[in-house]
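Visitor: First the structure, which I've put down as structure tokens, then a few questions once you've had a look.
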Amino acid sequence: MKIVVLAGGLSTERDVSLVSGKKIYDALKSKNHDVVLLDVYLGYKGDVSTAFSGNTEPEAFVISEDEPDLEAIRAMREDGGESFFGPGVLELCKAADVVFMALHGDCGENGKIQAAFDLYGIRYTGTGYLSSAFAMDKYVTKLLFEKTGIPTPPYKLLLDKNTDYVPAFPAFVKICSGGSSVGVYRVTNEAEYREALDKAFAYEPKVLVEQAIIGREFSDGVISGEALPVIELAPKVGFYDYKNKYQKDSTVETCPADIPEELSKKIRDYAVAAYKVLGISAYARMDFMVDNSGNVYCLEANTLPGMTPMSLMPQEAAAVGMSFPELCEKIIEVSLKRF
């Protein structure tokens, strides 16, 4: 197959996306597909007609502890970057049999690119534009969870940082549409809370304040409506933030999780329920907390979960004997059923 692996962009998760994209590129090349790794924002300057026959090896990427400098990325566009799609992107994607979506955050996961691809008749991996938009907005996700009996931590939506509302501590301050724990702050007193509100509202105008659940953290992937084994995440310091997600040896990850089968089944069942209520197709990953009394809380859904060497869904797939290249081909297979 001719496959474009679409990565990069202008999200705060740009670095994560590029590392995911390179790993997916390598996996699909190992399966003898004709693959191009493409930065959706910086674009492609070569000849589209020969793009899939080239043997140019893309550079390797690393995820730093800091968020990417997006202004520096914007400055790299010679045309001024008026369009989100870089030069040649749509032409190359239209020439492919399928686009493997390795984007994370912002336009990659909020449904905008999916909607544009639908209009252009471009086939892509993952779910469609509407379910992408639902899952990207944590407030909308929580509303749907509440309406369908999926437990989620108590929360408050804020539209102004100058609020009289003060939560019980500890709590989390979260931007509504972020990912990879960018724009997420754990607060234990009012001074930290006010500082976190300043930072969060600098990202976007909708912010959630969520009660912190004291207990253990888990995640579970779903492919085509079937749950994978549950994975447990135990950060060595702090919570599962941007650094602990992507810096080696920051978090102990156990898959399958060492928990009773009853608890594992409950998490898997809620993962499938969340997948269905959000209208997700193909695949996704749901994140959970379990408190010290054994109560399960679903935090959010990720419609384009990370595919880096340290990412969770590849570890879950490996637990059922599925190699990373096989997982990539499986994602393409289940995604193409939508078309």
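Convention: chains lettered A, B, ... in structure tokens order; per-chain residue numbering from 1; ligands numbered from 1 as shown.
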As a list in words, please: all residues of stretch 68-212 of chain A that backbone DSSP puts in strand (DSSP E).

Guide: Val98, Val99, Phe100, Met101, Tyr155, Lys156, Leu157, Leu158, Ala171, Phe172, Val173, Lys174, Ile175, Val184, Tyr185, Arg186, Val187, Val207, Leu208, Val209, Glu210 and Gln211 of chain A

Visitor: Can you pull out every residue within 12 Å of A:Leu103, counting only C-alpha atoms, but drop anything in the same chain fewer than 3 positions away, and send it as a PyMOL selection string?

Guide: chain A and resi 4-22+24+37-41+99-100+106-114+124-126+179+302-308

Visitor: Emit the selected residues as a PDB file, in the first residue's frame, including C-alpha atoms.

Guide:
ATOM      1  CA  VAL A   4       1.378   8.710   4.233  1.00  0.00           C
ATOM      2  CA  VAL A   5       2.230   8.837   7.931  1.00  0.00           C
ATOM      3  CA  LEU A   6       1.006  12.294   8.943  1.00  0.00           C
ATOM      4  CA  ALA A   7       2.759  13.841  11.933  1.00  0.00           C
ATOM      5  CA  GLY A   8       4.114  17.079  13.401  1.00  0.00           C
ATOM      6  CA  GLY A   9       1.870  20.114  13.092  1.00  0.00           C
ATOM      7  CA  LEU A  10       1.510  22.969  15.568  1.00  0.00           C
ATOM      8  CA  SER A  11       0.238  21.132  18.626  1.00  0.00           C
ATOM      9  CA  THR A  12       1.999  21.265  21.980  1.00  0.00           C
ATOM     10  CA  GLU A  13       2.325  17.505  21.370  1.00  0.00           C
ATOM     11  CA  ARG A  14       4.331  18.038  18.177  1.00  0.00           C
ATOM     12  CA  ASP A  15       7.431  16.202  19.438  1.00  0.00           C
ATOM     13  CA  VAL A  16       5.352  13.221  20.577  1.00  0.00           C
ATOM     14  CA  SER A  17       3.686  13.105  17.175  1.00  0.00           C
ATOM     15  CA  LEU A  18       6.991  13.102  15.291  1.00  0.00           C
ATOM     16  CA  VAL A  19       8.385  10.261  17.405  1.00  0.00           C
ATOM     17  CA  SER A  20       5.132   8.311  16.923  1.00  0.00           C
ATOM     18  CA  GLY A  21       5.289   8.987  13.197  1.00  0.00           C
ATOM     19  CA  LYS A  22       8.862   7.749  12.811  1.00  0.00           C
ATOM     20  CA  ILE A  24       4.975   3.919  12.585  1.00  0.00           C
ATOM     21  CA  LEU A  37       6.590  10.417   6.747  1.00  0.00           C
ATOM     22  CA  LEU A  38       5.056  13.869   6.302  1.00  0.00           C
ATOM     23  CA  ASP A  39       4.933  16.927   8.581  1.00  0.00           C
ATOM     24  CA  VAL A  40       1.411  18.290   8.099  1.00  0.00           C
ATOM     25  CA  TYR A  41       2.554  21.883   8.695  1.00  0.00           C
ATOM     26  CA  VAL A  99      -3.146   8.339   5.634  1.00  0.00           C
ATOM     27  CA  PHE A 100      -1.938   6.983   8.960  1.00  0.00           C
ATOM     28  CA  ASP A 106      -5.102  20.343  18.648  1.00  0.00           C
ATOM     29  CA  CYS A 107      -6.071  20.005  14.972  1.00  0.00           C
ATOM     30  CA  GLY A 108      -4.881  16.410  14.779  1.00  0.00           C
ATOM     31  CA  GLU A 109      -7.358  15.072  17.310  1.00  0.00           C
ATOM     32  CA  ASN A 110     -10.164  17.632  17.379  1.00  0.00           C
ATOM     33  CA  GLY A 111     -11.763  16.502  14.121  1.00  0.00           C
ATOM     34  CA  LYS A 112     -10.790  19.411  11.868  1.00  0.00           C
ATOM     35  CA  ILE A 113      -8.334  17.452   9.729  1.00  0.00           C
ATOM     36  CA  GLN A 114     -10.684  14.457   9.648  1.00  0.00           C
ATOM     37  CA  TYR A 124      -7.357   7.936   7.043  1.00  0.00           C
ATOM     38  CA  THR A 125      -6.850   5.908  10.212  1.00  0.00           C
ATOM     39  CA  GLY A 126      -8.793   6.421  13.409  1.00  0.00           C
ATOM     40  CA  GLY A 179      -3.324  16.127  25.586  1.00  0.00           C
ATOM     41  CA  ASN A 302      -7.681   9.469  23.446  1.00  0.00           C
ATOM     42  CA  THR A 303      -8.704   8.951  19.815  1.00  0.00           C
ATOM     43  CA  LEU A 304      -5.115   9.085  18.492  1.00  0.00           C
ATOM     44  CA  PRO A 305      -3.120   7.550  21.333  1.00  0.00           C
ATOM     45  CA  GLY A 306       0.658   7.821  21.322  1.00  0.00           C
ATOM     46  CA  MET A 307       2.668   5.342  19.308  1.00  0.00           C
ATOM     47  CA  THR A 308       6.125   6.142  20.666  1.00  0.00           C
TER      48      THR A 308
END

Visitor: Could you find all residues in stretch 30-278 of chain A that DSSP calls helix (DSSP H, G or I) from the backbone, and write them as JSON, numbers by chain?

Guide: {"A": [30, 48, 49, 50, 51, 52, 53, 70, 71, 72, 73, 74, 89, 90, 91, 92, 93, 94, 95, 106, 107, 108, 109, 112, 113, 114, 115, 116, 117, 118, 119, 120, 129, 130, 131, 132, 133, 134, 135, 136, 138, 139, 140, 141, 142, 143, 144, 145, 146, 147, 190, 191, 192, 193, 194, 195, 196, 197, 198, 199, 200, 201, 202, 203, 242, 243, 244, 245, 246, 261, 262, 263, 264, 265, 266, 267, 268, 269, 270, 271, 272, 273, 274, 275, 276, 277]}

Visitor: Those same residues - C-alpha atoms - I'd like them written as a PDB file, in the first residue's frame.

Guide:
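The result, written out as out_30.pdb:
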ATOM      1  CA  SER A  30       9.244  -3.402   7.593  1.00  0.00           C
ATOM      2  CA  VAL A  48       4.402  13.914  -5.521  1.00  0.00           C
ATOM      3  CA  SER A  49       4.446  11.457  -8.448  1.00  0.00           C
ATOM      4  CA  THR A  50       7.684   9.886  -7.215  1.00  0.00           C
ATOM      5  CA  ALA A  51       7.257  10.384  -3.453  1.00  0.00           C
ATOM      6  CA  PHE A  52       6.391   6.771  -2.653  1.00  0.00           C
ATOM      7  CA  SER A  53       9.234   5.279  -4.690  1.00  0.00           C
ATOM      8  CA  LEU A  70       5.887  26.481  18.041  1.00  0.00           C
ATOM      9  CA  GLU A  71       6.851  30.020  17.001  1.00  0.00           C
ATOM     10  CA  ALA A  72      10.146  28.651  15.707  1.00  0.00           C
ATOM     11  CA  ILE A  73       8.209  26.049  13.694  1.00  0.00           C
ATOM     12  CA  ARG A  74       5.936  28.735  12.221  1.00  0.00           C
ATOM     13  CA  VAL A  89       0.311  17.899   1.898  1.00  0.00           C
ATOM     14  CA  LEU A  90      -3.166  17.506   0.426  1.00  0.00           C
ATOM     15  CA  GLU A  91      -1.796  16.424  -2.953  1.00  0.00           C
ATOM     16  CA  LEU A  92       0.385  13.741  -1.357  1.00  0.00           C
ATOM     17  CA  CYS A  93      -2.407  12.527   0.947  1.00  0.00           C
ATOM     18  CA  LYS A  94      -4.785  12.238  -2.024  1.00  0.00           C
ATOM     19  CA  ALA A  95      -2.187  10.139  -3.846  1.00  0.00           C
ATOM     20  CA  ASP A 106      -5.102  20.343  18.648  1.00  0.00           C
ATOM     21  CA  CYS A 107      -6.071  20.005  14.972  1.00  0.00           C
ATOM     22  CA  GLY A 108      -4.881  16.410  14.779  1.00  0.00           C
ATOM     23  CA  GLU A 109      -7.358  15.072  17.310  1.00  0.00           C
ATOM     24  CA  LYS A 112     -10.790  19.411  11.868  1.00  0.00           C
ATOM     25  CA  ILE A 113      -8.334  17.452   9.729  1.00  0.00           C
ATOM     26  CA  GLN A 114     -10.684  14.457   9.648  1.00  0.00           C
ATOM     27  CA  ALA A 115     -13.488  16.709   8.352  1.00  0.00           C
ATOM     28  CA  ALA A 116     -11.213  18.194   5.687  1.00  0.00           C
ATOM     29  CA  PHE A 117     -10.101  14.724   4.588  1.00  0.00           C
ATOM     30  CA  ASP A 118     -13.727  13.599   4.358  1.00  0.00           C
ATOM     31  CA  LEU A 119     -14.428  16.505   1.993  1.00  0.00           C
ATOM     32  CA  TYR A 120     -11.393  15.639  -0.129  1.00  0.00           C
ATOM     33  CA  TYR A 129     -14.513  14.100  12.817  1.00  0.00           C
ATOM     34  CA  LEU A 130     -17.507  14.184  15.193  1.00  0.00           C
ATOM     35  CA  SER A 131     -16.272  11.572  17.671  1.00  0.00           C
ATOM     36  CA  SER A 132     -12.826  13.164  17.487  1.00  0.00           C
ATOM     37  CA  ALA A 133     -14.344  16.498  18.513  1.00  0.00           C
ATOM     38  CA  PHE A 134     -16.374  14.934  21.335  1.00  0.00           C
ATOM     39  CA  ALA A 135     -13.395  13.109  22.822  1.00  0.00           C
ATOM     40  CA  MET A 136     -11.001  16.048  22.477  1.00  0.00           C
ATOM     41  CA  LYS A 138     -12.902  16.948  28.218  1.00  0.00           C
ATOM     42  CA  TYR A 139     -16.051  18.813  29.271  1.00  0.00           C
ATOM     43  CA  VAL A 140     -18.169  17.263  26.500  1.00  0.00           C
ATOM     44  CA  THR A 141     -16.647  13.874  27.305  1.00  0.00           C
ATOM     45  CA  LYS A 142     -17.634  14.192  30.953  1.00  0.00           C
ATOM     46  CA  LEU A 143     -21.184  15.254  30.067  1.00  0.00           C
ATOM     47  CA  LEU A 144     -21.592  12.143  27.919  1.00  0.00           C
ATOM     48  CA  PHE A 145     -20.074   9.958  30.618  1.00  0.00           C
ATOM     49  CA  GLU A 146     -22.475  11.342  33.225  1.00  0.00           C
ATOM     50  CA  LYS A 147     -25.511  10.819  30.978  1.00  0.00           C
ATOM     51  CA  GLU A 190      -5.217  28.066  46.915  1.00  0.00           C
ATOM     52  CA  ALA A 191      -1.949  29.753  45.944  1.00  0.00           C
ATOM     53  CA  GLU A 192      -1.058  26.850  43.640  1.00  0.00           C
ATOM     54  CA  TYR A 193      -4.634  26.836  42.356  1.00  0.00           C
ATOM     55  CA  ARG A 194      -4.560  30.528  41.351  1.00  0.00           C
ATOM     56  CA  GLU A 195      -1.195  30.097  39.665  1.00  0.00           C
ATOM     57  CA  ALA A 196      -2.484  27.042  37.762  1.00  0.00           C
ATOM     58  CA  LEU A 197      -5.546  28.988  36.600  1.00  0.00           C
ATOM     59  CA  ASP A 198      -3.284  31.702  35.168  1.00  0.00           C
ATOM     60  CA  LYS A 199      -1.277  29.107  33.260  1.00  0.00           C
ATOM     61  CA  ALA A 200      -4.290  27.120  32.039  1.00  0.00           C
ATOM     62  CA  PHE A 201      -6.246  30.136  30.800  1.00  0.00           C
ATOM     63  CA  ALA A 202      -3.166  31.195  28.836  1.00  0.00           C
ATOM     64  CA  TYR A 203      -3.789  28.088  26.698  1.00  0.00           C
ATOM     65  CA  TYR A 242       4.307  15.250  30.231  1.00  0.00           C
ATOM     66  CA  LYS A 243       7.753  14.391  31.600  1.00  0.00           C
ATOM     67  CA  ASN A 244       6.664  11.107  33.213  1.00  0.00           C
ATOM     68  CA  LYS A 245       4.883  10.060  30.011  1.00  0.00           C
ATOM     69  CA  TYR A 246       7.870  10.406  27.725  1.00  0.00           C
ATOM     70  CA  GLU A 261      -9.767 -10.087  37.321  1.00  0.00           C
ATOM     71  CA  GLU A 262     -12.966  -8.462  38.610  1.00  0.00           C
ATOM     72  CA  LEU A 263     -11.320  -5.028  38.637  1.00  0.00           C
ATOM     73  CA  SER A 264      -9.667  -5.614  35.269  1.00  0.00           C
ATOM     74  CA  LYS A 265     -13.022  -6.564  33.734  1.00  0.00           C
ATOM     75  CA  LYS A 266     -14.690  -3.475  35.206  1.00  0.00           C
ATOM     76  CA  ILE A 267     -12.029  -1.197  33.666  1.00  0.00           C
ATOM     77  CA  ARG A 268     -12.247  -2.968  30.300  1.00  0.00           C
ATOM     78  CA  ASP A 269     -16.043  -2.762  30.312  1.00  0.00           C
ATOM     79  CA  TYR A 270     -15.960   0.964  31.056  1.00  0.00           C
ATOM     80  CA  ALA A 271     -13.343   1.450  28.320  1.00  0.00           C
ATOM     81  CA  VAL A 272     -15.642  -0.172  25.760  1.00  0.00           C
ATOM     82  CA  ALA A 273     -18.625   1.798  27.095  1.00  0.00           C
ATOM     83  CA  ALA A 274     -16.687   5.080  26.730  1.00  0.00           C
ATOM     84  CA  TYR A 275     -15.616   4.081  23.210  1.00  0.00           C
ATOM     85  CA  LYS A 276     -19.249   3.495  22.261  1.00  0.00           C
ATOM     86  CA  VAL A 277     -20.847   6.529  23.898  1.00  0.00           C
TER      87      VAL A 277
END

Visitor: Go through A:Glu333, A:Asp160, A:Asp97, A:Glu204 one by one, measure the shortest atom-to-atom distance of each to A:Ile175 using only C-alpha atoms, and give the residue with the smallest value.

Guide: A:Glu204
